[in-house]
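Data file: model-v2.cif. Format and content: mmCIF, C-alpha atoms.
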```
data_model
#
loop_
_atom_site.group_PDB
_atom_site.id
_atom_site.type_symbol
_atom_site.label_atom_id
_atom_site.label_comp_id
_atom_site.auth_asym_id
_atom_site.auth_seq_id
_atom_site.Cartn_x
_atom_site.Cartn_y
_atom_site.Cartn_z
ATOM 1 C CA MET A 52 -72.062 -43.028 -27.677
ATOM 2 C CA GLN A 53 -70.056 -44.053 -24.687
ATOM 3 C CA GLN A 54 -66.956 -43.168 -26.577
ATOM 4 C CA GLN A 55 -68.262 -39.636 -27.200
ATOM 5 C CA GLN A 56 -69.064 -39.149 -23.524
ATOM 6 C CA GLN A 57 -65.586 -40.289 -22.585
ATOM 7 C CA GLN A 58 -64.064 -37.825 -25.060
ATOM 8 C CA ARG A 59 -66.218 -35.000 -23.634
ATOM 9 C CA ARG A 60 -65.076 -35.827 -20.099
ATOM 10 C CA MET A 61 -61.417 -35.796 -21.229
ATOM 11 C CA PHE A 62 -61.957 -32.497 -23.047
ATOM 12 C CA THR A 63 -63.694 -30.979 -20.005
ATOM 13 C CA ALA A 64 -60.921 -32.176 -17.683
ATOM 14 C CA ALA A 65 -58.253 -30.722 -19.970
ATOM 15 C CA LEU A 66 -60.169 -27.449 -20.224
ATOM 16 C CA LEU A 67 -60.536 -27.250 -16.419
ATOM 17 C CA ALA A 68 -56.805 -27.978 -15.968
ATOM 18 C CA LEU A 69 -55.963 -25.187 -18.414
ATOM 19 C CA VAL A 70 -58.261 -22.734 -16.593
ATOM 20 C CA PHE A 71 -56.724 -23.740 -13.264
ATOM 21 C CA ILE A 72 -53.159 -23.177 -14.570
ATOM 22 C CA LEU A 73 -54.079 -19.770 -16.016
ATOM 23 C CA ALA A 74 -55.711 -18.735 -12.734
ATOM 24 C CA ALA A 75 -52.631 -19.799 -10.761
ATOM 25 C CA VAL A 76 -50.279 -17.849 -13.021
ATOM 26 C CA SER A 77 -52.392 -14.684 -12.905
ATOM 27 C CA THR A 78 -52.601 -14.702 -9.093
ATOM 28 C CA THR A 79 -48.839 -15.154 -8.888
ATOM 29 C CA GLU A 80 -48.343 -12.191 -11.177
ATOM 30 C CA ALA A 81 -50.861 -10.132 -9.205
ATOM 31 C CA GLY A 82 -49.016 -10.905 -5.961
ATOM 32 C CA LYS A 83 -45.835 -9.250 -7.227
ATOM 33 C CA LYS A 84 -45.562 -5.610 -6.360
ATOM 34 C CA GLU A 85 -44.380 -3.399 -9.119
ATOM 35 C CA LYS A 86 -41.412 -1.350 -8.089
ATOM 36 C CA PRO A 87 -41.970 2.317 -8.695
ATOM 37 C CA GLU A 88 -39.419 3.814 -11.025
ATOM 38 C CA LYS A 89 -36.795 5.863 -9.281
ATOM 39 C CA LYS A 90 -37.322 9.488 -10.015
ATOM 40 C CA ALA A 91 -34.279 11.423 -11.090
ATOM 41 C CA LYS A 92 -33.283 13.620 -8.196
ATOM 42 C CA LYS A 93 -33.120 17.200 -9.236
ATOM 43 C CA SER A 94 -30.679 18.827 -6.892
ATOM 44 C CA ASP A 95 -29.709 22.439 -6.748
ATOM 45 C CA CYS A 96 -26.549 21.526 -4.813
ATOM 46 C CA GLY A 97 -23.412 22.884 -6.384
ATOM 47 C CA GLU A 98 -20.096 21.092 -6.834
ATOM 48 C CA TRP A 99 -17.837 20.744 -3.808
ATOM 49 C CA GLN A 100 -15.215 23.478 -3.538
ATOM 50 C CA TRP A 101 -12.129 22.418 -1.529
ATOM 51 C CA SER A 102 -9.607 24.462 0.419
ATOM 52 C CA ILE A 103 -5.904 23.656 0.333
ATOM 53 C CA CYS A 104 -4.616 20.870 2.556
ATOM 54 C CA VAL A 105 -3.576 22.220 5.960
ATOM 55 C CA PRO A 106 -1.134 19.992 7.890
ATOM 56 C CA THR A 107 -2.146 18.953 11.395
ATOM 57 C CA SER A 108 1.343 19.707 12.719
ATOM 58 C CA GLY A 109 4.487 21.062 11.091
ATOM 59 C CA ASP A 110 4.567 21.936 7.406
ATOM 60 C CA CYS A 111 3.927 18.488 5.895
ATOM 61 C CA GLY A 112 2.353 15.095 6.585
ATOM 62 C CA LEU A 113 -1.286 14.367 7.463
ATOM 63 C CA GLY A 114 -3.775 17.210 7.488
ATOM 64 C CA THR A 115 -7.324 18.228 6.580
ATOM 65 C CA ARG A 116 -9.135 20.304 3.963
ATOM 66 C CA GLU A 117 -12.571 21.897 4.164
ATOM 67 C CA GLY A 118 -15.218 21.433 1.488
ATOM 68 C CA THR A 119 -18.262 23.630 0.883
ATOM 69 C CA ARG A 120 -21.155 23.700 -1.553
ATOM 70 C CA THR A 121 -24.285 25.789 -1.907
ATOM 71 C CA GLY A 122 -27.952 24.960 -2.419
ATOM 72 C CA ALA A 123 -31.199 25.354 -0.511
ATOM 73 C CA GLU A 124 -32.034 21.626 -0.475
ATOM 74 C CA CYS A 125 -28.511 20.314 0.230
ATOM 75 C CA LYS A 126 -28.401 17.985 3.209
ATOM 76 C CA GLN A 127 -24.716 18.726 3.692
ATOM 77 C CA THR A 128 -23.080 22.027 2.781
ATOM 78 C CA THR A 129 -19.722 21.614 4.560
ATOM 79 C CA LYS A 130 -17.464 18.677 5.269
ATOM 80 C CA THR A 131 -13.870 17.945 6.257
ATOM 81 C CA GLN A 132 -11.615 15.523 4.416
ATOM 82 C CA LYS A 133 -8.273 14.001 5.396
ATOM 83 C CA CYS A 134 -5.337 14.784 3.124
ATOM 84 C CA LYS A 135 -1.555 14.472 3.007
ATOM 85 C CA ILE A 136 1.183 16.939 2.101
ATOM 86 C CA PRO A 137 4.404 15.265 0.903
ATOM 87 C CA CYS A 138 7.460 15.873 3.089
ATOM 88 C CA ASN A 139 9.949 16.349 0.258
ATOM 89 C CA TRP A 140 10.897 18.873 -2.405
ATOM 90 C CA LYS A 141 7.542 18.503 -4.208
ATOM 91 C CA LYS A 142 5.743 20.401 -1.453
ATOM 92 C CA GLN A 143 6.957 23.692 -2.911
ATOM 93 C CA PHE A 144 4.401 23.187 -5.720
ATOM 94 C CA GLY A 145 1.516 22.174 -3.460
ATOM 95 C CA ALA A 146 0.191 18.713 -2.707
ATOM 96 C CA GLU A 147 -2.727 19.154 -5.126
ATOM 97 C CA CYS A 148 -0.561 19.940 -8.169
ATOM 98 C CA LYS A 149 0.681 16.871 -10.050
ATOM 99 C CA TYR A 150 3.428 17.324 -12.661
ATOM 100 C CA GLN A 151 4.990 15.176 -15.378
ATOM 101 C CA PHE A 152 8.747 15.793 -15.211
ATOM 102 C CA GLN A 153 11.335 15.458 -17.960
ATOM 103 C CA ALA A 154 14.702 13.776 -17.397
ATOM 104 C CA TRP A 155 17.387 15.666 -15.467
ATOM 105 C CA GLY A 156 19.539 17.914 -17.621
ATOM 106 C CA GLU A 157 23.330 17.981 -17.746
ATOM 107 C CA CYS A 158 25.232 19.398 -14.806
ATOM 108 C CA ASP A 159 26.034 23.113 -15.042
ATOM 109 C CA LEU A 160 29.698 23.262 -13.994
ATOM 110 C CA ASN A 161 29.367 26.943 -12.978
ATOM 111 C CA THR A 162 26.539 26.372 -10.507
ATOM 112 C CA ALA A 163 27.074 22.621 -9.791
ATOM 113 C CA LEU A 164 23.319 22.147 -10.309
ATOM 114 C CA LYS A 165 21.215 20.189 -12.738
ATOM 115 C CA THR A 166 17.610 21.096 -13.590
ATOM 116 C CA ARG A 167 14.488 19.627 -15.066
ATOM 117 C CA THR A 168 11.068 20.938 -16.073
ATOM 118 C CA GLY A 169 7.627 19.630 -15.164
ATOM 119 C CA ASN A 170 4.358 20.225 -17.011
ATOM 120 C CA LEU A 171 1.069 20.253 -15.111
ATOM 121 C CA LYS A 172 -0.570 16.825 -15.364
ATOM 122 C CA ARG A 173 -3.623 17.548 -13.177
ATOM 123 C CA ALA A 174 -4.791 19.874 -10.427
ATOM 124 C CA LEU A 175 -6.695 18.157 -7.626
ATOM 125 C CA HIS A 176 -9.603 19.806 -5.800
ATOM 126 C CA ASN A 177 -9.654 22.850 -8.111
ATOM 127 C CA ALA A 178 -6.162 23.879 -6.962
ATOM 128 C CA ASP A 179 -4.487 26.890 -8.548
ATOM 129 C CA CYS A 180 -1.310 25.401 -10.070
ATOM 130 C CA GLN A 181 1.478 26.723 -12.268
ATOM 131 C CA LYS A 182 1.387 25.289 -15.815
ATOM 132 C CA THR A 183 5.163 24.661 -15.859
ATOM 133 C CA VAL A 184 7.706 24.395 -13.035
ATOM 134 C CA THR A 185 11.488 24.060 -12.997
ATOM 135 C CA ILE A 186 13.474 22.414 -10.209
ATOM 136 C CA SER A 187 17.187 22.137 -9.512
ATOM 137 C CA LYS A 188 19.363 19.861 -7.413
ATOM 138 C CA PRO A 189 23.084 19.476 -6.751
ATOM 139 C CA CYS A 190 24.960 17.456 -9.332
ATOM 140 C CA GLY A 191 26.775 15.300 -6.813
ATOM 141 C CA LYS A 192 30.462 14.418 -6.879
ATOM 142 C CA LEU A 193 32.245 15.205 -10.106
ATOM 143 C CA THR A 194 35.140 12.781 -10.391
ATOM 144 C CA LYS A 195 37.230 11.600 -13.278
ATOM 145 C CA PRO A 196 36.867 7.904 -13.991
ATOM 146 C CA LYS A 197 39.948 5.859 -13.083
ATOM 147 C CA PRO A 198 41.364 3.582 -15.755
ATOM 148 C CA GLN A 199 41.110 0.052 -14.357
ATOM 149 C CA GLU A 200 42.540 -3.239 -15.485
ATOM 150 C CA SER A 201 40.020 -5.838 -16.379
ATOM 151 C CA LYS A 202 39.098 -8.275 -13.617
ATOM 152 C CA LYS A 203 40.455 -11.209 -15.618
ATOM 153 C CA LYS A 204 43.906 -9.636 -15.857
ATOM 154 C CA LYS A 205 43.941 -8.982 -12.101
ATOM 155 C CA LYS A 206 42.968 -12.592 -11.325
ATOM 156 C CA GLU A 207 45.557 -13.963 -13.740
ATOM 157 C CA GLY A 208 48.249 -11.792 -12.154
ATOM 158 C CA LYS A 209 47.359 -13.045 -8.666
ATOM 159 C CA LYS A 210 47.447 -16.683 -9.848
ATOM 160 C CA GLN A 211 50.938 -16.174 -11.329
ATOM 161 C CA GLU A 212 52.153 -14.588 -8.093
ATOM 162 C CA LYS A 213 50.898 -17.608 -6.109
ATOM 163 C CA MET A 214 52.622 -20.008 -8.510
ATOM 164 C CA LEU A 215 55.910 -18.176 -8.129
ATOM 165 C CA ASP A 216 55.734 -18.412 -4.352
#
```

As structure tokens, please, write out the structure in this file.
Amino acid sequence: MQQQQQQRRMFTAALLALVFILAAVSTTEAGKKEKPEKKAKKSDCGEWQWSICVPTSGDCGLGTREGTRTGAECKQTTKTQKCKIPCNWKKQFGAECKYQFQAWGECDLNTALKTRTGNLKRALHNADCQKTVTISKPCGKLTKPKPQESKKKKKEGKKQEKMLD
């Protein structure tokens, strides 16, 4: 009989411990705030439309471009962005037009120019770019190559001269 009472006490203690653990876990879970799901923002704002890059001074270098977009609920409908116009021959095609150029062609002896063609790779900020462009540049000096002795022969000749002296 004593043994049965002892077993009941052990069973009761185990049952109370289990209830206590379950109560602790449920209060911990209840204490956590559920994060509300982020609602997908439905915006009627349009895409940004950008003007061409206008240099701050001169015709190349640092400048700015203006961006606009439409929509009744847009927090921002205009903004200014810094930009850069290259100060080299590429500026004739616009800073927003990026081309993939072929290798330079052979020199035209009549004009002393060589040319190459570029195909539009991408147009930045919705720029209006030509699909294909052709550029030319001077060929440079046209000289006939001079026949030269090999360096070894020159060195050997100098050594012989020194020996004769």

(message) Using all atoms listed in the file for the distances, tell me which of A:Thr63, A:Ser102, A:Gly109, A:Thr185 is nearest to Lys165 in chain A.
(response) A:Thr185

(message) With distances taken over only C-alpha atoms, which residue among A:Trp101, A:Phe71, A:Phe152, A:Phe62 lies nearest Thr128 in chain A?
(response)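 Ranking A:Trp101, A:Phe71, A:Phe152, A:Phe62 by distance to Thr128 in chain A, first place goes to A:Trp101.
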
Find the axis-aligned box for range 103-107 of chain A, covering all its listed atoms and adding 5 Å on each side, and write its centre and edge lengths in Å to one decimal as AutoDock Vina command-line options.
```
--center_x -3.5 --center_y 21.3 --center_z 5.9 --size_x 14.8 --size_y 14.7 --size_z 21.1
```

(message) I'd like the neighbourhood of range 167-170 of chain A as an NGL selection string, where a residue qualifies if any of its atoms comes within 10 Å (using only C-alpha atoms), though same-chain residues fewer than 6 positions away should be ignored.
(response) :A and (149-157 or 181-188)

Within 12 Å of Arg116 in chain A, counting only C-alpha atoms, which residues qualify if same-chain residues fewer than 3 places away don't, as a short mmCIF file (atom, residue, chain, number, x, y, z; two decimals) with C-alpha atoms, in the coordinates of the input?
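The file below, out28.cif, is the result:
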```cif
data_model
loop_
_atom_site.label_atom_id
_atom_site.label_comp_id
_atom_site.auth_asym_id
_atom_site.auth_seq_id
_atom_site.Cartn_x
_atom_site.Cartn_y
_atom_site.Cartn_z
CA TRP A 99 -17.84 20.74 -3.81
CA GLN A 100 -15.22 23.48 -3.54
CA TRP A 101 -12.13 22.42 -1.53
CA SER A 102 -9.61 24.46 0.42
CA ILE A 103 -5.90 23.66 0.33
CA CYS A 104 -4.62 20.87 2.56
CA VAL A 105 -3.58 22.22 5.96
CA PRO A 106 -1.13 19.99 7.89
CA THR A 107 -2.15 18.95 11.40
CA LEU A 113 -1.29 14.37 7.46
CA THR A 119 -18.26 23.63 0.88
CA THR A 129 -19.72 21.61 4.56
CA LYS A 130 -17.46 18.68 5.27
CA THR A 131 -13.87 17.94 6.26
CA GLN A 132 -11.62 15.52 4.42
CA LYS A 133 -8.27 14.00 5.40
CA CYS A 134 -5.34 14.78 3.12
CA LYS A 135 -1.56 14.47 3.01
CA ILE A 136 1.18 16.94 2.10
CA ALA A 146 0.19 18.71 -2.71
CA GLU A 147 -2.73 19.15 -5.13
CA HIS A 176 -9.60 19.81 -5.80
CA ALA A 178 -6.16 23.88 -6.96
#
```

(request) Quick one: pull the distance between CA of Lys126 in chain A and CA of Asp179 in chain A, Å, one decimal. (result)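 Going from CA of Lys126 in chain A over to CA of Asp179 in chain A covers 28.1 Å.
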
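When only C-alpha atoms are used to measure the gap to Cys125 in chain A, the shortest distance among A:Gln53, A:Cys138, A:Glu98, A:Gly191 belongs to A:Glu98.
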
(request) Using all atoms listed in the file, collect all residues at a distance of at most 9 Å from (-30.7, 22.8, -5.2) as written in the file, then present them as number ranges by chain. (result) A: 93-97, 121-125

(request) Report the distance between CA of Asn177 in chain A and CA of Gly118 in chain A in Å, rounded to one decimal place. (result)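 These two atoms are separated by 11.2 Å.
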
(request) Figure out the distance between CA of Cys180 in chain A and CA of Ser108 in chain A, please, to one decimal in Å. (result) 23.6 Å

(message) Quick one: residues within 6 Å of Leu164 in chain A, only C-alpha atoms, excluding same-chain residues fewer than 6 positions away - as a list of chain:residue names?
(response) A:Cys158, A:Lys188, A:Pro189, A:Cys190

Please fill the gaps in range 61-73 of chain A so it has N, CA, C and O atoms, and write that as a CSV table (one decimal), in the coordinates of the input.
```csv
chain,number,residue,atom,x,y,z
A,61,MET,N,-62.9,-36.1,-21.1
A,61,MET,CA,-61.4,-35.8,-21.2
A,61,MET,C,-61.2,-34.3,-21.6
A,61,MET,O,-60.3,-33.6,-21.1
A,62,PHE,N,-62.1,-33.9,-22.6
A,62,PHE,CA,-62.0,-32.5,-23.0
A,62,PHE,C,-62.3,-31.5,-21.9
A,62,PHE,O,-61.6,-30.5,-21.7
A,63,THR,N,-63.3,-31.8,-21.1
A,63,THR,CA,-63.7,-31.0,-20.0
A,63,THR,C,-62.6,-31.0,-18.9
A,63,THR,O,-62.2,-29.9,-18.4
A,64,ALA,N,-62.0,-32.1,-18.7
A,64,ALA,CA,-60.9,-32.2,-17.7
A,64,ALA,C,-59.7,-31.4,-18.2
A,64,ALA,O,-59.1,-30.6,-17.4
A,65,ALA,N,-59.4,-31.5,-19.4
A,65,ALA,CA,-58.3,-30.7,-20.0
A,65,ALA,C,-58.5,-29.2,-19.9
A,65,ALA,O,-57.7,-28.4,-19.6
A,66,LEU,N,-59.8,-28.9,-20.3
A,66,LEU,CA,-60.2,-27.4,-20.2
A,66,LEU,C,-60.1,-26.9,-18.8
A,66,LEU,O,-59.6,-25.8,-18.6
A,67,LEU,N,-60.6,-27.7,-17.8
A,67,LEU,CA,-60.5,-27.2,-16.4
A,67,LEU,C,-59.1,-27.1,-15.9
A,67,LEU,O,-58.7,-26.2,-15.2
A,68,ALA,N,-58.2,-28.0,-16.3
A,68,ALA,CA,-56.8,-28.0,-16.0
A,68,ALA,C,-56.2,-26.7,-16.5
A,68,ALA,O,-55.4,-26.0,-15.9
A,69,LEU,N,-56.5,-26.4,-17.8
A,69,LEU,CA,-56.0,-25.2,-18.4
A,69,LEU,C,-56.4,-23.9,-17.7
A,69,LEU,O,-55.7,-23.0,-17.4
A,70,VAL,N,-57.7,-23.9,-17.3
A,70,VAL,CA,-58.3,-22.7,-16.6
A,70,VAL,C,-57.6,-22.6,-15.2
A,70,VAL,O,-57.2,-21.5,-14.8
A,71,PHE,N,-57.4,-23.7,-14.6
A,71,PHE,CA,-56.7,-23.7,-13.3
A,71,PHE,C,-55.3,-23.2,-13.4
A,71,PHE,O,-54.9,-22.4,-12.6
A,72,ILE,N,-54.6,-23.6,-14.4
A,72,ILE,CA,-53.2,-23.2,-14.6
A,72,ILE,C,-53.1,-21.7,-14.8
A,72,ILE,O,-52.3,-20.9,-14.3
A,73,LEU,N,-54.0,-21.2,-15.7
A,73,LEU,CA,-54.1,-19.8,-16.0
A,73,LEU,C,-54.4,-19.0,-14.8
A,73,LEU,O,-53.9,-17.9,-14.5
```
